[in-house]
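Visitor: Below is one structure. I have some questions about it.
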Amino acid sequence: MTEPLYRYDSHLSTCEARVTGINERGGILLDRTIFFATGDDQPGDTGELERSDGSHIAIGTTVFSDDKSEITHVPGEEGGSLPEIGEIVVAHIDWPRRYRHMRMHTALHTICAAIQTKTTGAQIGAEERRIDLNMQDPPDRNAVHDATMKAIDADLAVTSEWITDEELDANPDLIKSMSVSPPRGSGLVRLVRIGDTFDLQPCGGTHVKSTLEIGPVTITKIEKKGRLNRRIRIRLDE
Ligand SMILES: [Zn+2]
């Protein structure tokens with residue numbers, strides 16, 4: 001079982017870890033990691049593992065094992081030599097890339113809460129991301145933008161808290177995503193809260209500490225994708 005340090009502190013960009021295995025596809029397993037594994041509408045981290053001899057192993061992406069108990073660091077094409085099992089390495093993520101994903105991902109929470117709807121899907125890209133929302137009437141683009149920017153400019157704190165699986169079962173309305181299931185498995189589920197009451201939902205993604213960090217966003221397009229589905233495309237402005 002890999003300890004996902006990013007789930008407790010998403011601002012860690014480096015950590016020491018012990019190599020616990022190399023899987024049949026050459027993926028590197030560590031006892032703990034700051035590399036986010038692909039999921040929760042967010043891509044896996046890239047970066048490198050630094051060996052004690054000073055050499056580096058490039059990591060091209062990060063994924064979960066099939067049962068989600070282990071996090072696999074997949075070497076990139078220029079990966080370098082594989083480490084020994086038991087070896088201590090220093091993991092470094094590509095922080096500017098991850099931070100951008102954190103801003104994008106937190107923007108998703110903010111936009112959904114701003115227009116008070118549930119998501120049916122999402123996809124995050126390097127430049128643009130799209131979210132699918134469960135709503136019949138197409139929202140007005142300017143209204144969506146203004147409501148989202150109002151929440152961003154309000155500098156709302158983004159915090160986390162933990163509840164038991166049973167508490168989540170007793171409060172199904174907490175679940176705002178119809179496409180991503182809550183991060184269960186350990187008996188505890190992490191809730192992500194924005195502001196005091198602006199948004200609260202189970203989420204395994206990584207987030208910035210305040211909505212202000214998201215910065216200005218542009219709503220590039222709102223499309224109709226079925227009777228009860230509206231797709232919103234957004235972009236982070238620099
Ligand atoms: Zn989230």
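Here's how to read the names in the structure tokens: chain A, B, ... by the order shown, residue numbers from 1 in each chain, ligand numbers from 1 in the order shown.
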Ligand 1: which residues are within 8 Å, counting only C-alpha atoms and all ligand atoms? Reply as a ChimeraX atom specification.

Guide: /A:40,105-106,108-109,192,201-207

Visitor: Filtering to C-alpha atoms, could you give me those residues as a JSON list (two decimals), in the first residue's frame?

Guide:
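Final file, result-v3.json:
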```json
[["chain", "number", "residue", "atom", "x", "y", "z"],
["A", 40, "ASP", "CA", -10.67, 12.46, -9.91],
["A", 105, "HIS", "CA", -9.23, 21.36, -10.56],
["A", 106, "THR", "CA", -10.22, 23.86, -7.87],
["A", 108, "LEU", "CA", -14.04, 23.02, -11.40],
["A", 109, "HIS", "CA", -15.35, 22.93, -7.82],
["A", 192, "VAL", "CA", -13.13, 19.29, 0.46],
["A", 201, "GLN", "CA", -18.01, 17.42, -1.37],
["A", 202, "PRO", "CA", -15.94, 14.24, -1.25],
["A", 203, "CYS", "CA", -12.89, 14.56, -3.49],
["A", 204, "GLY", "CA", -9.53, 12.82, -3.89],
["A", 205, "GLY", "CA", -7.99, 15.51, -6.11],
["A", 206, "THR", "CA", -5.45, 18.19, -5.26],
["A", 207, "HIS", "CA", -6.48, 21.77, -4.56]]
```

Visitor: Hey, what's within 8 Å of Arg141 in chain A if we count only C-alpha atoms and toss same-chain stuff fewer than 4 positions away? As a PyMOL selection string, please?

Guide: chain A and resi 145+219+221-222

Visitor: Restricting the output to all heavy atoms, write the selected residues as a PDB file, in the first residue's frame.

Guide:
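This went into out_28.pdb:
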```
ATOM      1  N   HIS A 145     -19.580  33.134 -15.867  1.00  0.00           N
ATOM      2  CA  HIS A 145     -18.276  33.769 -15.642  1.00  0.00           C
ATOM      3  C   HIS A 145     -18.319  34.678 -14.419  1.00  0.00           C
ATOM      4  O   HIS A 145     -17.443  34.617 -13.549  1.00  0.00           O
ATOM      5  CB  HIS A 145     -17.848  34.561 -16.885  1.00  0.00           C
ATOM      6  CG  HIS A 145     -16.555  35.283 -16.697  1.00  0.00           C
ATOM      7  ND1 HIS A 145     -16.479  36.622 -16.378  1.00  0.00           N
ATOM      8  CD2 HIS A 145     -15.272  34.832 -16.729  1.00  0.00           C
ATOM      9  CE1 HIS A 145     -15.198  36.957 -16.248  1.00  0.00           C
ATOM     10  NE2 HIS A 145     -14.457  35.897 -16.455  1.00  0.00           N
ATOM     11  N   ILE A 219     -14.603  31.573 -19.719  1.00  0.00           N
ATOM     12  CA  ILE A 219     -15.547  30.538 -20.155  1.00  0.00           C
ATOM     13  C   ILE A 219     -15.498  30.586 -21.685  1.00  0.00           C
ATOM     14  O   ILE A 219     -16.014  31.528 -22.295  1.00  0.00           O
ATOM     15  CB  ILE A 219     -16.981  30.829 -19.663  1.00  0.00           C
ATOM     16  CG1 ILE A 219     -16.999  31.138 -18.152  1.00  0.00           C
ATOM     17  CG2 ILE A 219     -17.924  29.689 -20.037  1.00  0.00           C
ATOM     18  CD1 ILE A 219     -16.623  30.010 -17.255  1.00  0.00           C
ATOM     19  N   LYS A 221     -16.673  28.334 -23.976  1.00  0.00           N
ATOM     20  CA  LYS A 221     -17.795  27.805 -24.738  1.00  0.00           C
ATOM     21  C   LYS A 221     -18.795  27.103 -23.819  1.00  0.00           C
ATOM     22  O   LYS A 221     -18.372  26.448 -22.863  1.00  0.00           O
ATOM     23  CB  LYS A 221     -17.253  26.786 -25.740  1.00  0.00           C
ATOM     24  CG  LYS A 221     -18.060  26.608 -27.001  1.00  0.00           C
ATOM     25  CD  LYS A 221     -17.290  25.663 -27.925  1.00  0.00           C
ATOM     26  CE  LYS A 221     -17.806  25.712 -29.342  1.00  0.00           C
ATOM     27  NZ  LYS A 221     -17.055  24.800 -30.209  1.00  0.00           N
ATOM     28  N   ILE A 222     -20.072  27.195 -24.127  1.00  0.00           N
ATOM     29  CA  ILE A 222     -21.088  26.362 -23.468  1.00  0.00           C
ATOM     30  C   ILE A 222     -21.849  25.628 -24.564  1.00  0.00           C
ATOM     31  O   ILE A 222     -22.390  26.253 -25.477  1.00  0.00           O
ATOM     32  CB  ILE A 222     -22.043  27.207 -22.603  1.00  0.00           C
ATOM     33  CG1 ILE A 222     -21.264  27.901 -21.475  1.00  0.00           C
ATOM     34  CG2 ILE A 222     -23.151  26.319 -22.021  1.00  0.00           C
ATOM     35  CD1 ILE A 222     -22.118  28.730 -20.533  1.00  0.00           C
TER      36      ILE A 222
END
```

Visitor: Could you give me, as a ChimeraX atom specification, each residue of range 91-175 of chain A that DSSP assigns to strand (DSSP E or B) when run on this structure's backbone?

Guide: /A:91-93,119-124,128-134,157-164

Visitor: Take the selection from the previous step and output its residues with N, CA and C atoms, as a short mmCIF file (atom, residue, chain, number, x, y, z; two decimals), in the first residue's frame.

Guide:
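Once written, selection_29.cif looks like this:
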```
data_model
loop_
_atom_site.label_atom_id
_atom_site.label_comp_id
_atom_site.auth_asym_id
_atom_site.auth_seq_id
_atom_site.Cartn_x
_atom_site.Cartn_y
_atom_site.Cartn_z
N ALA A 91 11.86 11.75 -4.36
CA ALA A 91 10.87 11.97 -5.42
C ALA A 91 10.66 13.47 -5.60
N HIS A 92 10.68 13.91 -6.84
CA HIS A 92 10.41 15.32 -7.16
C HIS A 92 9.32 15.36 -8.22
N ILE A 93 8.25 16.11 -7.99
CA ILE A 93 7.25 16.25 -9.06
C ILE A 93 7.53 17.52 -9.86
N THR A 119 -22.00 17.70 -11.53
CA THR A 119 -21.24 17.41 -12.74
C THR A 119 -21.53 15.98 -13.20
N THR A 120 -21.51 15.79 -14.50
CA THR A 120 -21.67 14.45 -15.04
C THR A 120 -20.38 13.94 -15.65
N GLY A 121 -19.38 14.81 -15.74
CA GLY A 121 -18.10 14.37 -16.29
C GLY A 121 -17.17 15.55 -16.39
N ALA A 122 -15.90 15.26 -16.59
CA ALA A 122 -14.95 16.34 -16.74
C ALA A 122 -13.69 15.81 -17.38
N GLN A 123 -13.00 16.70 -18.02
CA GLN A 123 -11.71 16.31 -18.58
C GLN A 123 -10.80 17.50 -18.49
N ILE A 124 -9.59 17.25 -18.00
CA ILE A 124 -8.66 18.33 -17.81
C ILE A 124 -7.55 18.22 -18.84
N GLU A 128 -6.94 23.78 -21.65
CA GLU A 128 -8.36 24.01 -21.50
C GLU A 128 -8.95 22.82 -20.77
N ARG A 129 -10.02 23.02 -20.03
CA ARG A 129 -10.70 21.85 -19.50
C ARG A 129 -12.17 22.00 -19.75
N ARG A 130 -12.82 20.87 -19.78
CA ARG A 130 -14.25 20.92 -20.01
C ARG A 130 -14.94 20.17 -18.89
N ILE A 131 -16.12 20.64 -18.54
CA ILE A 131 -16.92 19.93 -17.55
C ILE A 131 -18.32 19.77 -18.10
N ASP A 132 -18.92 18.64 -17.81
CA ASP A 132 -20.29 18.39 -18.23
C ASP A 132 -21.19 18.54 -17.02
N LEU A 133 -22.24 19.31 -17.19
CA LEU A 133 -23.12 19.63 -16.07
C LEU A 133 -24.52 19.11 -16.33
N ASN A 134 -25.13 18.65 -15.24
CA ASN A 134 -26.47 18.09 -15.33
C ASN A 134 -27.48 19.23 -15.24
N ALA A 157 -11.31 30.16 1.51
CA ALA A 157 -10.34 29.14 1.92
C ALA A 157 -10.79 27.77 1.43
N VAL A 158 -9.82 26.95 0.98
CA VAL A 158 -10.11 25.57 0.56
C VAL A 158 -9.49 24.66 1.62
N THR A 159 -10.32 23.90 2.32
CA THR A 159 -9.84 23.08 3.43
C THR A 159 -10.38 21.65 3.28
N SER A 160 -9.78 20.73 4.05
CA SER A 160 -10.32 19.37 3.99
C SER A 160 -10.66 18.84 5.36
N GLU A 161 -11.55 17.90 5.39
CA GLU A 161 -11.96 17.23 6.63
C GLU A 161 -12.31 15.80 6.27
N TRP A 162 -12.37 14.93 7.26
CA TRP A 162 -12.56 13.51 6.97
C TRP A 162 -13.82 13.00 7.66
N ILE A 163 -14.59 12.17 6.95
CA ILE A 163 -15.74 11.51 7.56
C ILE A 163 -15.64 10.01 7.29
N THR A 164 -16.42 9.23 8.00
CA THR A 164 -16.40 7.78 7.78
C THR A 164 -17.28 7.44 6.57
#
```

Visitor: Show me, as a list in words, the residues that have an atom within 9 Å of Arg230 in chain A when counting only C-alpha atoms, minus same-chain residues fewer than 2 positions from it.

Guide: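 So, after excluding close chain neighbours, the residues are Ile131, Asp132, Leu133, Asn134, Met135, Gln136, Asp137, Pro138, Pro139, Ile222, Glu223, Lys224, Lys225, Gly226, Arg227, Leu228 and Ile232 of chain A.
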
Visitor: Give me a file of those residues, with N, CA and C atoms, as a PDB file, in the first residue's frame.

Guide:
```pdb
ATOM      1  N   ILE A 131     -16.120  20.640 -18.537  1.00  0.00           N
ATOM      2  CA  ILE A 131     -16.922  19.932 -17.549  1.00  0.00           C
ATOM      3  C   ILE A 131     -18.318  19.769 -18.103  1.00  0.00           C
ATOM      4  N   ASP A 132     -18.917  18.639 -17.810  1.00  0.00           N
ATOM      5  CA  ASP A 132     -20.287  18.387 -18.232  1.00  0.00           C
ATOM      6  C   ASP A 132     -21.190  18.542 -17.023  1.00  0.00           C
ATOM      7  N   LEU A 133     -22.240  19.310 -17.194  1.00  0.00           N
ATOM      8  CA  LEU A 133     -23.119  19.627 -16.073  1.00  0.00           C
ATOM      9  C   LEU A 133     -24.520  19.109 -16.334  1.00  0.00           C
ATOM     10  N   ASN A 134     -25.128  18.647 -15.245  1.00  0.00           N
ATOM     11  CA  ASN A 134     -26.471  18.090 -15.327  1.00  0.00           C
ATOM     12  C   ASN A 134     -27.477  19.233 -15.239  1.00  0.00           C
ATOM     13  N   MET A 135     -27.833  19.834 -16.364  1.00  0.00           N
ATOM     14  CA  MET A 135     -28.824  20.898 -16.342  1.00  0.00           C
ATOM     15  C   MET A 135     -29.543  20.973 -17.695  1.00  0.00           C
ATOM     16  N   GLN A 136     -30.819  21.368 -17.618  1.00  0.00           N
ATOM     17  CA  GLN A 136     -31.653  21.364 -18.814  1.00  0.00           C
ATOM     18  C   GLN A 136     -31.504  22.662 -19.595  1.00  0.00           C
ATOM     19  N   ASP A 137     -31.535  23.778 -18.895  1.00  0.00           N
ATOM     20  CA  ASP A 137     -31.467  25.065 -19.584  1.00  0.00           C
ATOM     21  C   ASP A 137     -30.016  25.512 -19.669  1.00  0.00           C
ATOM     22  N   PRO A 138     -29.579  25.920 -20.843  1.00  0.00           N
ATOM     23  CA  PRO A 138     -28.180  26.344 -20.960  1.00  0.00           C
ATOM     24  C   PRO A 138     -27.927  27.602 -20.132  1.00  0.00           C
ATOM     25  N   PRO A 139     -26.903  27.576 -19.295  1.00  0.00           N
ATOM     26  CA  PRO A 139     -26.620  28.766 -18.506  1.00  0.00           C
ATOM     27  C   PRO A 139     -26.026  29.859 -19.390  1.00  0.00           C
ATOM     28  N   ILE A 222     -20.072  27.195 -24.127  1.00  0.00           N
ATOM     29  CA  ILE A 222     -21.088  26.362 -23.468  1.00  0.00           C
ATOM     30  C   ILE A 222     -21.849  25.628 -24.564  1.00  0.00           C
ATOM     31  N   GLU A 223     -21.822  24.295 -24.503  1.00  0.00           N
ATOM     32  CA  GLU A 223     -22.456  23.500 -25.560  1.00  0.00           C
ATOM     33  C   GLU A 223     -23.550  22.621 -24.971  1.00  0.00           C
ATOM     34  N   LYS A 224     -24.510  22.255 -25.831  1.00  0.00           N
ATOM     35  CA  LYS A 224     -25.549  21.310 -25.442  1.00  0.00           C
ATOM     36  C   LYS A 224     -25.078  19.913 -25.836  1.00  0.00           C
ATOM     37  N   LYS A 225     -25.033  18.985 -24.886  1.00  0.00           N
ATOM     38  CA  LYS A 225     -24.600  17.614 -25.168  1.00  0.00           C
ATOM     39  C   LYS A 225     -25.650  16.648 -24.643  1.00  0.00           C
ATOM     40  N   GLY A 226     -26.842  16.721 -25.172  1.00  0.00           N
ATOM     41  CA  GLY A 226     -27.924  15.860 -24.690  1.00  0.00           C
ATOM     42  C   GLY A 226     -28.957  16.670 -23.931  1.00  0.00           C
ATOM     43  N   ARG A 227     -30.076  16.033 -23.624  1.00  0.00           N
ATOM     44  CA  ARG A 227     -31.213  16.756 -23.042  1.00  0.00           C
ATOM     45  C   ARG A 227     -30.878  17.379 -21.692  1.00  0.00           C
ATOM     46  N   LEU A 228     -30.120  16.637 -20.890  1.00  0.00           N
ATOM     47  CA  LEU A 228     -29.825  17.124 -19.541  1.00  0.00           C
ATOM     48  C   LEU A 228     -28.335  17.368 -19.344  1.00  0.00           C
ATOM     49  N   ILE A 232     -19.351  22.858 -20.445  1.00  0.00           N
ATOM     50  CA  ILE A 232     -18.711  24.168 -20.323  1.00  0.00           C
ATOM     51  C   ILE A 232     -17.210  23.991 -20.509  1.00  0.00           C
TER      52      ILE A 232
END
```

Visitor: What's around Val74 in chain A at 6 Å? Count only C-alpha atoms, leave out sequence neighbours fewer than 2 positions away in its own chain, and write the answer as a ChimeraX atom specification.

Guide: /A:27,59-62

Visitor: So, counting only C-alpha atoms, which residue among A:Thr197, A:Thr20, A:Ser210, A:Thr2 is closest to Gly86 in chain A?

Guide: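 The closest residue to Gly86 in chain A is A:Thr20.
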
Visitor: Quick one: pull the distance between CA of Ala107 in chain A and CA of Asp169 in chain A, Å, one decimal.

Guide: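 Going from CA of Ala107 in chain A over to CA of Asp169 in chain A covers 26.5 Å.
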
Visitor: Could you give me, as JSON, numbers by chain, the residues within 10 Å of Leu49 in chain A, counting only C-alpha atoms and dropping anything in the same chain fewer than 2 positions from it?

Guide: {"A": [14, 15, 16, 17, 28, 47, 51, 52, 54, 55, 56, 57, 58, 59, 73, 75, 79, 82, 83, 88, 89, 90, 91, 92, 93]}

Visitor: Based on the selection just made, write N, CA and C atoms of those residues as a CSV table (one decimal), in the first residue's frame.

Guide:
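Dumped to again-v4.csv:
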```
chain,number,residue,atom,x,y,z
A,14,THR,N,8.3,17.5,-3.0
A,14,THR,CA,9.4,16.5,-2.9
A,14,THR,C,9.3,15.7,-1.6
A,15,CYS,N,9.8,14.5,-1.7
A,15,CYS,CA,9.8,13.6,-0.5
A,15,CYS,C,10.8,12.5,-0.6
A,16,GLU,N,11.2,11.9,0.5
A,16,GLU,CA,12.1,10.8,0.5
A,16,GLU,C,11.2,9.5,0.5
A,17,ALA,N,11.5,8.5,-0.2
A,17,ALA,CA,10.7,7.3,-0.1
A,17,ALA,C,11.5,6.1,-0.4
A,28,ILE,N,7.4,1.8,-11.0
A,28,ILE,CA,8.2,1.8,-9.8
A,28,ILE,C,7.2,2.0,-8.6
A,47,GLY,N,7.6,13.9,-13.3
A,47,GLY,CA,8.7,14.3,-12.4
A,47,GLY,C,9.9,13.4,-12.5
A,51,ARG,N,18.3,9.2,-7.4
A,51,ARG,CA,18.9,8.0,-6.7
A,51,ARG,C,20.1,8.5,-5.9
A,52,SER,N,20.6,7.7,-4.9
A,52,SER,CA,21.6,8.1,-4.0
A,52,SER,C,22.9,8.4,-4.8
A,54,GLY,N,23.1,10.0,-7.4
A,54,GLY,CA,22.9,11.3,-8.1
A,54,GLY,C,22.2,11.2,-9.4
A,55,SER,N,22.0,10.0,-9.9
A,55,SER,CA,21.4,9.9,-11.2
A,55,SER,C,19.8,10.0,-11.0
A,56,HIS,N,19.2,10.3,-12.1
A,56,HIS,CA,17.7,10.5,-12.1
A,56,HIS,C,17.0,9.6,-12.9
A,57,ILE,N,15.8,9.2,-12.5
A,57,ILE,CA,14.9,8.4,-13.3
A,57,ILE,C,13.7,9.3,-13.6
A,58,ALA,N,13.5,9.6,-14.9
A,58,ALA,CA,12.3,10.4,-15.3
A,58,ALA,C,11.0,9.6,-15.2
A,59,ILE,N,10.0,10.3,-14.6
A,59,ILE,CA,8.7,9.6,-14.5
A,59,ILE,C,7.7,10.3,-15.5
A,73,HIS,N,4.7,4.6,-10.4
A,73,HIS,CA,5.4,5.6,-11.1
A,73,HIS,C,6.0,5.1,-12.4
A,75,PRO,N,8.1,5.1,-15.6
A,75,PRO,CA,9.2,5.8,-16.2
A,75,PRO,C,8.9,6.4,-17.6
A,79,GLY,N,13.7,7.2,-19.3
A,79,GLY,CA,13.6,6.9,-17.9
A,79,GLY,C,14.9,6.6,-17.2
A,82,LEU,N,16.6,1.3,-13.6
A,82,LEU,CA,15.6,1.1,-12.6
A,82,LEU,C,16.3,1.0,-11.2
A,83,PRO,N,15.6,1.4,-10.1
A,83,PRO,CA,16.2,1.4,-8.8
A,83,PRO,C,16.2,0.0,-8.2
A,88,ILE,N,16.5,3.9,-1.1
A,88,ILE,CA,15.9,5.2,-0.8
A,88,ILE,C,16.1,6.2,-1.9
A,89,VAL,N,15.0,6.7,-2.4
A,89,VAL,CA,15.1,7.7,-3.5
A,89,VAL,C,14.4,9.0,-3.0
A,90,VAL,N,14.8,10.1,-3.7
A,90,VAL,CA,14.1,11.4,-3.4
A,90,VAL,C,13.2,11.7,-4.6
A,91,ALA,N,11.9,11.7,-4.4
A,91,ALA,CA,10.9,12.0,-5.4
A,91,ALA,C,10.7,13.5,-5.6
A,92,HIS,N,10.7,13.9,-6.8
A,92,HIS,CA,10.4,15.3,-7.2
A,92,HIS,C,9.3,15.4,-8.2
A,93,ILE,N,8.3,16.1,-8.0
A,93,ILE,CA,7.2,16.3,-9.1
A,93,ILE,C,7.5,17.5,-9.9
```

Visitor: Write down as a PyMOL selection string the residues of range 16-200 of chain A whose backbone DSSP state falls under alpha helix (DSSP H).

Guide: chain A and resi 95-114+141-153+165-170
